[in-house]
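Structure data follow from entry-v9.txt (compact mmCIF, C-alpha atoms):
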```
# COMPACT_ATOMS: atom_id res chain seq x y z
CA MET P 1 163.86 52.40 -10.72
CA SER P 2 160.37 53.30 -9.57
CA PRO P 3 160.06 56.42 -7.38
CA ALA P 4 159.94 56.04 -3.61
CA PRO P 5 156.40 56.15 -2.18
CA SER P 6 155.13 59.39 -0.73
CA ASP P 7 154.23 59.65 2.93
CA LYS P 8 150.67 59.94 4.13
CA PRO P 9 149.19 60.07 7.62
CA PHE P 10 147.86 56.99 9.37
CA THR P 11 144.14 57.64 9.64
CA LEU P 12 141.34 55.44 10.99
CA ALA P 13 137.67 56.44 11.15
CA GLY P 14 138.56 60.08 10.51
CA ARG P 15 141.22 60.31 13.23
CA THR P 16 144.95 60.60 12.52
CA TYR P 17 147.52 58.82 14.68
CA GLN P 18 151.24 59.48 15.05
CA SER P 19 152.15 55.96 16.16
CA ARG P 20 151.79 53.07 13.72
CA LEU P 21 152.12 50.49 16.47
CA LEU P 22 148.93 49.06 17.97
CA VAL P 23 149.28 46.89 21.06
CA GLY P 24 147.21 44.38 22.99
CA THR P 25 146.64 44.14 26.71
CA GLY P 26 146.65 40.39 27.39
CA LYS P 27 149.27 38.00 28.77
CA TYR P 28 151.11 40.45 31.03
CA LYS P 29 151.88 39.39 34.60
CA ASP P 30 149.78 42.21 36.08
CA LEU P 31 148.16 45.54 35.29
CA ASP P 32 151.26 47.49 36.28
CA GLU P 33 153.36 45.70 33.67
CA THR P 34 150.57 46.21 31.14
CA ARG P 35 150.59 49.95 31.79
CA ASP P 36 154.38 50.26 31.68
CA ALA P 37 154.80 48.27 28.47
CA ILE P 38 152.08 50.14 26.63
CA GLU P 39 153.53 53.47 27.72
CA ALA P 40 157.00 52.40 26.51
CA SER P 41 155.58 51.34 23.14
CA GLY P 42 154.35 54.81 22.32
CA ALA P 43 151.13 53.27 21.00
CA GLU P 44 148.01 55.39 20.81
CA ILE P 45 145.60 52.54 20.02
CA VAL P 46 145.21 49.73 22.55
CA THR P 47 143.13 46.66 21.79
CA VAL P 48 141.13 44.88 24.47
CA ALA P 49 139.57 41.41 24.38
CA VAL P 50 136.10 42.18 25.71
CA ARG P 51 135.36 38.55 26.55
CA ARG P 52 138.55 38.16 28.59
CA THR P 53 139.23 41.56 30.09
CA ASN P 54 137.17 43.61 32.50
CA ILE P 55 136.40 47.08 31.16
CA GLY P 56 133.40 47.60 33.42
CA GLN P 57 131.23 44.55 32.78
CA ASN P 58 132.41 42.94 36.05
CA PRO P 59 131.90 45.47 38.87
CA GLY P 60 134.20 45.00 41.84
CA GLU P 61 137.00 43.39 39.80
CA PRO P 62 140.19 45.18 38.64
CA ASN P 63 139.33 47.29 35.63
CA LEU P 64 141.84 47.65 32.80
CA LEU P 65 140.61 51.17 32.14
CA ASP P 66 141.97 52.21 35.53
CA VAL P 67 145.50 51.90 34.12
CA ILE P 68 144.80 52.39 30.40
CA SER P 69 142.78 55.58 30.32
CA PRO P 70 140.37 56.13 27.41
CA GLU P 71 141.26 59.81 27.72
CA ARG P 72 144.86 59.00 26.73
CA TYR P 73 144.42 55.99 24.43
CA THR P 74 141.96 54.96 21.77
CA ILE P 75 140.46 51.76 23.11
CA LEU P 76 139.94 49.16 20.39
CA PRO P 77 137.56 46.44 21.63
CA ASN P 78 138.15 43.11 19.91
CA THR P 79 136.19 39.90 19.61
CA ALA P 80 138.98 37.47 20.52
CA GLY P 81 137.53 34.16 21.65
CA CYS P 82 134.53 34.33 19.31
CA TYR P 83 133.94 31.40 16.96
CA ASP P 84 130.84 32.48 15.05
CA ALA P 85 129.37 35.67 13.63
CA ALA P 86 126.53 35.99 16.13
CA GLU P 87 128.92 35.79 19.08
CA ALA P 88 131.23 38.41 17.55
CA VAL P 89 128.39 40.82 16.81
CA ARG P 90 127.02 40.44 20.33
CA THR P 91 130.47 41.17 21.79
CA CYS P 92 130.87 44.34 19.73
CA ARG P 93 127.48 45.59 20.82
CA LEU P 94 128.42 44.95 24.46
CA ALA P 95 131.62 46.93 23.99
CA ARG P 96 129.69 49.82 22.45
CA GLU P 97 127.41 49.87 25.46
CA LEU P 98 130.29 49.70 27.96
CA LEU P 99 132.24 52.45 26.19
CA ASP P 100 129.42 54.95 25.76
CA GLY P 101 128.66 54.45 22.08
CA HIS P 102 132.21 53.70 20.92
CA LYS P 103 132.07 52.52 17.28
CA LEU P 104 135.64 51.46 16.47
CA VAL P 105 136.08 47.69 16.86
CA LYS P 106 138.43 44.94 15.80
CA LEU P 107 136.50 41.98 14.41
CA GLU P 108 138.07 38.57 14.85
CA VAL P 109 136.15 35.31 14.31
CA LEU P 110 138.27 32.23 14.85
CA ALA P 111 137.99 28.83 13.21
CA ASP P 112 139.43 26.62 15.94
CA GLN P 113 141.48 26.73 19.13
CA LYS P 114 144.50 24.91 17.70
CA THR P 115 145.38 27.36 14.92
CA LEU P 116 143.34 30.46 15.84
CA PHE P 117 143.05 30.90 12.08
CA PRO P 118 140.23 33.20 10.99
CA ASN P 119 136.93 31.63 10.00
CA VAL P 120 136.51 33.61 6.82
CA ILE P 121 132.86 32.70 6.19
CA GLU P 122 131.77 33.79 9.68
CA THR P 123 134.03 36.86 9.49
CA LEU P 124 132.31 38.03 6.30
CA LYS P 125 128.87 37.55 7.87
CA ALA P 126 129.83 39.42 11.04
CA ALA P 127 131.49 42.24 9.12
CA GLU P 128 128.42 42.79 6.99
CA THR P 129 126.18 43.00 10.06
CA LEU P 130 128.50 45.30 12.00
CA VAL P 131 129.03 47.71 9.11
CA ARG P 132 125.27 47.87 8.61
CA ASP P 133 124.91 48.51 12.34
CA GLY P 134 127.15 51.60 12.15
CA PHE P 135 130.42 50.19 13.50
CA ASP P 136 133.86 51.19 12.19
CA VAL P 137 135.24 47.71 11.59
CA MET P 138 138.90 46.75 11.51
CA VAL P 139 139.00 43.09 10.59
CA TYR P 140 141.43 40.23 11.27
CA THR P 141 141.54 38.02 8.22
CA SER P 142 143.52 35.44 6.29
CA ASP P 143 146.19 36.47 3.78
CA ASP P 144 143.81 35.79 0.86
CA PRO P 145 143.84 38.92 -1.34
CA ILE P 146 140.32 38.22 -2.62
CA ILE P 147 138.83 38.08 0.88
CA ALA P 148 140.74 41.23 1.86
CA ARG P 149 139.27 42.99 -1.17
CA GLN P 150 135.73 41.84 -0.34
CA LEU P 151 136.01 43.03 3.26
CA ALA P 152 137.13 46.47 2.10
CA GLU P 153 134.35 46.63 -0.50
CA MET P 154 131.68 45.85 2.10
CA GLY P 155 132.80 48.82 4.21
CA CYS P 156 135.47 47.68 6.68
CA ILE P 157 137.79 50.61 7.43
CA ALA P 158 140.95 48.45 7.67
CA VAL P 159 141.95 44.90 6.83
CA MET P 160 144.36 43.07 9.13
CA PRO P 161 145.81 39.95 7.49
CA LEU P 162 147.87 37.60 9.62
CA ALA P 163 151.58 37.31 8.89
CA GLY P 164 151.77 34.10 10.93
CA LEU P 165 149.51 32.27 13.35
CA ILE P 166 148.53 34.19 16.49
CA GLY P 167 151.07 33.89 19.29
CA THR P 168 153.64 31.87 17.32
CA GLY P 169 156.24 34.60 16.83
CA LEU P 170 157.23 33.02 13.50
CA GLY P 171 157.57 36.37 11.79
CA ILE P 172 156.39 37.37 8.31
CA CYS P 173 155.63 33.99 6.76
CA ASN P 174 153.73 35.26 3.71
CA PRO P 175 155.38 38.40 2.27
CA TYR P 176 154.19 37.72 -1.29
CA ASN P 177 150.52 37.43 -0.35
CA LEU P 178 150.85 40.56 1.77
CA ARG P 179 152.35 42.42 -1.19
CA ILE P 180 149.36 41.51 -3.37
CA ILE P 181 146.95 42.70 -0.66
CA LEU P 182 148.90 45.94 -0.33
CA GLU P 183 148.96 46.55 -4.08
CA GLU P 184 145.17 46.28 -4.27
CA ALA P 185 144.38 48.04 -0.99
CA THR P 186 141.76 50.76 -0.86
CA VAL P 187 141.81 50.89 2.97
CA PRO P 188 144.69 50.69 5.46
CA VAL P 189 146.37 47.28 5.72
CA LEU P 190 147.80 46.32 9.11
CA VAL P 191 149.73 43.15 9.89
CA ASP P 192 148.01 41.34 12.74
CA ALA P 193 149.59 38.21 14.27
CA GLY P 194 152.90 36.47 13.74
CA VAL P 195 155.36 39.17 14.82
CA GLY P 196 157.94 37.81 17.27
CA THR P 197 160.67 40.43 17.46
CA ALA P 198 161.61 43.89 16.27
CA SER P 199 162.97 42.83 12.88
CA ASP P 200 159.61 41.22 12.03
CA ALA P 201 157.83 44.51 12.68
CA THR P 202 160.34 46.35 10.52
CA ILE P 203 159.83 43.94 7.62
CA ALA P 204 156.06 44.39 7.81
CA MET P 205 156.48 48.16 7.59
CA GLU P 206 159.05 47.91 4.78
CA LEU P 207 156.48 45.97 2.75
CA GLY P 208 154.24 49.03 2.97
CA CYS P 209 151.82 48.15 5.75
CA GLU P 210 150.18 51.14 7.37
CA ALA P 211 150.74 49.76 10.86
CA VAL P 212 151.29 46.60 12.92
CA LEU P 213 149.24 45.19 15.79
CA MET P 214 150.92 42.90 18.31
CA ASN P 215 150.54 41.50 21.80
CA SER P 216 152.47 38.28 22.43
CA ALA P 217 155.73 39.61 20.98
CA ILE P 218 155.84 42.19 23.75
CA ALA P 219 154.03 40.45 26.60
CA HIS P 220 155.98 37.17 26.23
CA ALA P 221 159.40 38.83 25.97
CA GLN P 222 161.73 38.32 28.93
CA ASN P 223 161.57 42.09 29.44
CA PRO P 224 158.24 43.29 28.04
CA VAL P 225 158.88 46.97 28.70
CA LEU P 226 162.21 46.89 26.88
CA MET P 227 160.70 44.95 23.98
CA ALA P 228 157.89 47.49 23.75
CA ARG P 229 160.48 50.22 23.35
CA ALA P 230 162.28 48.16 20.69
CA MET P 231 159.04 47.70 18.77
CA LYS P 232 158.41 51.43 18.78
CA HIS P 233 161.75 52.05 17.06
CA ALA P 234 161.32 49.06 14.73
CA ILE P 235 158.03 50.41 13.41
CA GLU P 236 159.54 53.83 12.87
CA ALA P 237 162.63 52.42 11.12
CA GLY P 238 160.56 50.21 8.84
CA ARG P 239 158.32 53.09 7.82
CA LEU P 240 161.31 55.31 7.02
CA ALA P 241 162.96 52.54 4.99
CA TYR P 242 159.72 52.01 3.04
CA LEU P 243 159.49 55.71 2.26
CA ALA P 244 163.18 55.92 1.35
CA GLY P 245 162.94 53.11 -1.18
CA ARG P 246 165.54 50.38 -0.84
CA MET P 247 168.37 49.91 -3.34
CA PRO P 248 167.76 47.25 -6.01
CA LYS P 249 169.13 43.80 -5.38
CA LYS P 250 171.97 42.69 -7.69
CA LEU P 251 173.62 39.36 -8.35
CA TYR P 252 177.15 40.78 -8.55
CA ALA P 253 179.11 43.36 -6.60
CA SER P 254 179.42 47.02 -7.51
CA ALA P 255 181.94 49.42 -6.00
CA SER P 256 180.69 51.79 -3.34
CA SER P 257 182.91 54.58 -4.65
CA PRO P 258 182.82 55.85 -8.26
CA MET P 259 185.66 54.93 -10.60
CA ASP P 260 185.81 58.39 -12.19
CA GLY P 261 188.89 60.35 -11.18
CA LEU P 262 190.60 57.27 -9.71
CA VAL P 263 194.20 58.08 -8.68
CA ARG P 264 196.60 55.77 -10.53
```
structure tokens encoding of this file:
Amino acid sequence: MSPAPSDKPFTLAGRTYQSRLLVGTGKYKDLDETRDAIEASGAEIVTVAVRRTNIGQNPGEPNLLDVISPERYTILPNTAGCYDAAEAVRTCRLARELLDGHKLVKLEVLADQKTLFPNVIETLKAAETLVRDGFDVMVYTSDDPIIARQLAEMGCIAVMPLAGLIGTGLGICNPYNLRIILEEATVPVLVDAGVGTASDATIAMELGCEAVLMNSAIAHAQNPVLMARAMKHAIEAGRLAYLAGRMPKKLYASASSPMDGLVR
């Protein structure tokens, strides 16, 4: 049996985080529910779709940062809704301007509206430009191990392969591809997309992912605040199980108690 993995802190762009759950801010019924769910999740990193959410670019409208304070949370601007590299790069530069030089971004370039699958060619182009421009790039990508490797080699600080299509809640559909990505990883690997419930998050962590990012699984739950709390515990349980090292699977039964010294 191989030894259980050793623990290491979850670090991004030189900063260490206690929570391995990253959460989105879309799809809630209002800003109050957004605030309450994020607080219940225990997340320290909160991702924001710059093209869909006001973080100061629309004066006079409700501002997400009024309830999700940058002093308490690391704001992770993302490029959701972008379908080519130029659009994604422009969105990241806008976020940097709005957030006083903030460099940490989540790159996401989509192929089409039906699947929201990543456009890998445009993602690679955008990533190269953003890294060269001084951004710390976390990148949403397919579950192709070769693409994940290339993104890490070009300087992305984390790769974020999907486990299922965005917003489907289908769970971890591709554990074997994720395992290959994890085996080769030189940067943190985070599952992004596909999680539907707490057990999905636990499985992702048991595979060895550094963290999990989710939005719909919490926001679309019947009770988002309660689900956020469940996800917090699921992430923690999955990480502990990964570190503990599960028992090997066997075809046949074996007694839980030793046979030595059996009273006859």
Using all atoms listed in the file, determine which residues lie at most 7 Å from segment 18-20 of chain P, disregarding the query and same-chain residues fewer than 5 positions distant; provide the list as a ChimeraX atom specification. /P:42-44,210-212,235
Could you write out that same residue set with C-alpha atoms as a PDB file, in the frame of the given file?
```pdb
ATOM      1  CA  GLY P  42     154.350  54.810  22.320  1.00  0.00           C
ATOM      2  CA  ALA P  43     151.130  53.270  21.000  1.00  0.00           C
ATOM      3  CA  GLU P  44     148.010  55.390  20.810  1.00  0.00           C
ATOM      4  CA  GLU P 210     150.180  51.140   7.370  1.00  0.00           C
ATOM      5  CA  ALA P 211     150.740  49.760  10.860  1.00  0.00           C
ATOM      6  CA  VAL P 212     151.290  46.600  12.920  1.00  0.00           C
ATOM      7  CA  ILE P 235     158.030  50.410  13.410  1.00  0.00           C
TER       8      ILE P 235
END
```
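Here atom CA of Asp133 of chain P is placed at a distance of 13.7 Å from atom CA of Ala85 of chain P.
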For segment 75-127 of chain P against segment 160-179 of chain P, with a cut-off of 10 Å and counting all atoms listed in the file, what is the closest atom pair and its distance in Å to one decimal for every residue that makes the cut, ordered by chain and number, as a tab-separated table?
```
residue	atom	partner	partner_atom	distance
P:Lys106	CA	P:Met160	CA	9.1
P:Leu107	CA	P:Met160	CA	9.5
P:Glu108	CA	P:Met160	CA	9.6
P:Lys114	CA	P:Leu165	CA	9.9
P:Thr115	CA	P:Leu165	CA	6.6
P:Leu116	CA	P:Ile166	CA	6.4
P:Phe117	CA	P:Leu165	CA	6.7
P:Pro118	CA	P:Leu162	CA	8.9
```
P:Cys156, P:Arg52, P:Ala126, P:Ala111: which is nearest Glu87 of chain P, counting only C-alpha atoms?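 Of P:Cys156, P:Arg52, P:Ala126, P:Ala111, the one nearest Glu87 of chain P is P:Ala126, counting only C-alpha atoms.
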re atom CA of Pro9 of chain P and atom CA of Pro188 of chain P: distance 10.6 Å
Of the residues P:Cys92, P:Leu207, P:Ala185, P:Leu98, which is the one nearest to Arg246 of chain P, using all atoms listed in the file?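 Among the listed residues, P:Leu207 lies closest to Arg246 of chain P.
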Incomplete segment 150-161 of chain P filled out to N, CA and C atoms as a PDB file, in the coordinates of the input:
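Heads up, here's the output in selection-v7.pdb:
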```
ATOM      1  N   GLN P 150     137.163  41.889  -0.632  1.00  0.00           N
ATOM      2  CA  GLN P 150     135.730  41.840  -0.340  1.00  0.00           C
ATOM      3  C   GLN P 150     135.400  42.555   0.967  1.00  0.00           C
ATOM      4  N   LEU P 151     136.246  42.379   1.980  1.00  0.00           N
ATOM      5  CA  LEU P 151     136.010  43.030   3.260  1.00  0.00           C
ATOM      6  C   LEU P 151     136.086  44.551   3.125  1.00  0.00           C
ATOM      7  N   ALA P 152     137.031  45.024   2.329  1.00  0.00           N
ATOM      8  CA  ALA P 152     137.130  46.470   2.100  1.00  0.00           C
ATOM      9  C   ALA P 152     135.910  46.972   1.323  1.00  0.00           C
ATOM     10  N   GLU P 153     135.486  46.214   0.329  1.00  0.00           N
ATOM     11  CA  GLU P 153     134.350  46.630  -0.500  1.00  0.00           C
ATOM     12  C   GLU P 153     133.055  46.687   0.304  1.00  0.00           C
ATOM     13  N   MET P 154     132.920  45.836   1.327  1.00  0.00           N
ATOM     14  CA  MET P 154     131.680  45.850   2.100  1.00  0.00           C
ATOM     15  C   MET P 154     131.663  46.949   3.166  1.00  0.00           C
ATOM     16  N   GLY P 155     132.803  47.661   3.333  1.00  0.00           N
ATOM     17  CA  GLY P 155     132.800  48.820   4.210  1.00  0.00           C
ATOM     18  C   GLY P 155     133.700  48.758   5.423  1.00  0.00           C
ATOM     19  N   CYS P 156     134.504  47.710   5.568  1.00  0.00           N
ATOM     20  CA  CYS P 156     135.470  47.680   6.680  1.00  0.00           C
ATOM     21  C   CYS P 156     136.491  48.795   6.486  1.00  0.00           C
ATOM     22  N   ILE P 157     136.895  49.447   7.564  1.00  0.00           N
ATOM     23  CA  ILE P 157     137.790  50.610   7.430  1.00  0.00           C
ATOM     24  C   ILE P 157     139.256  50.202   7.398  1.00  0.00           C
ATOM     25  N   ALA P 158     139.575  48.953   7.736  1.00  0.00           N
ATOM     26  CA  ALA P 158     140.950  48.450   7.670  1.00  0.00           C
ATOM     27  C   ALA P 158     140.905  46.938   7.609  1.00  0.00           C
ATOM     28  N   VAL P 159     141.814  46.350   6.840  1.00  0.00           N
ATOM     29  CA  VAL P 159     141.950  44.900   6.830  1.00  0.00           C
ATOM     30  C   VAL P 159     143.267  44.538   7.511  1.00  0.00           C
ATOM     31  N   MET P 160     143.233  43.422   8.277  1.00  0.00           N
ATOM     32  CA  MET P 160     144.360  43.070   9.130  1.00  0.00           C
ATOM     33  C   MET P 160     144.736  41.605   8.888  1.00  0.00           C
ATOM     34  N   PRO P 161     145.428  41.325   7.778  1.00  0.00           N
ATOM     35  CA  PRO P 161     145.810  39.950   7.490  1.00  0.00           C
ATOM     36  C   PRO P 161     146.888  39.458   8.456  1.00  0.00           C
TER      37      PRO P 161
END
```
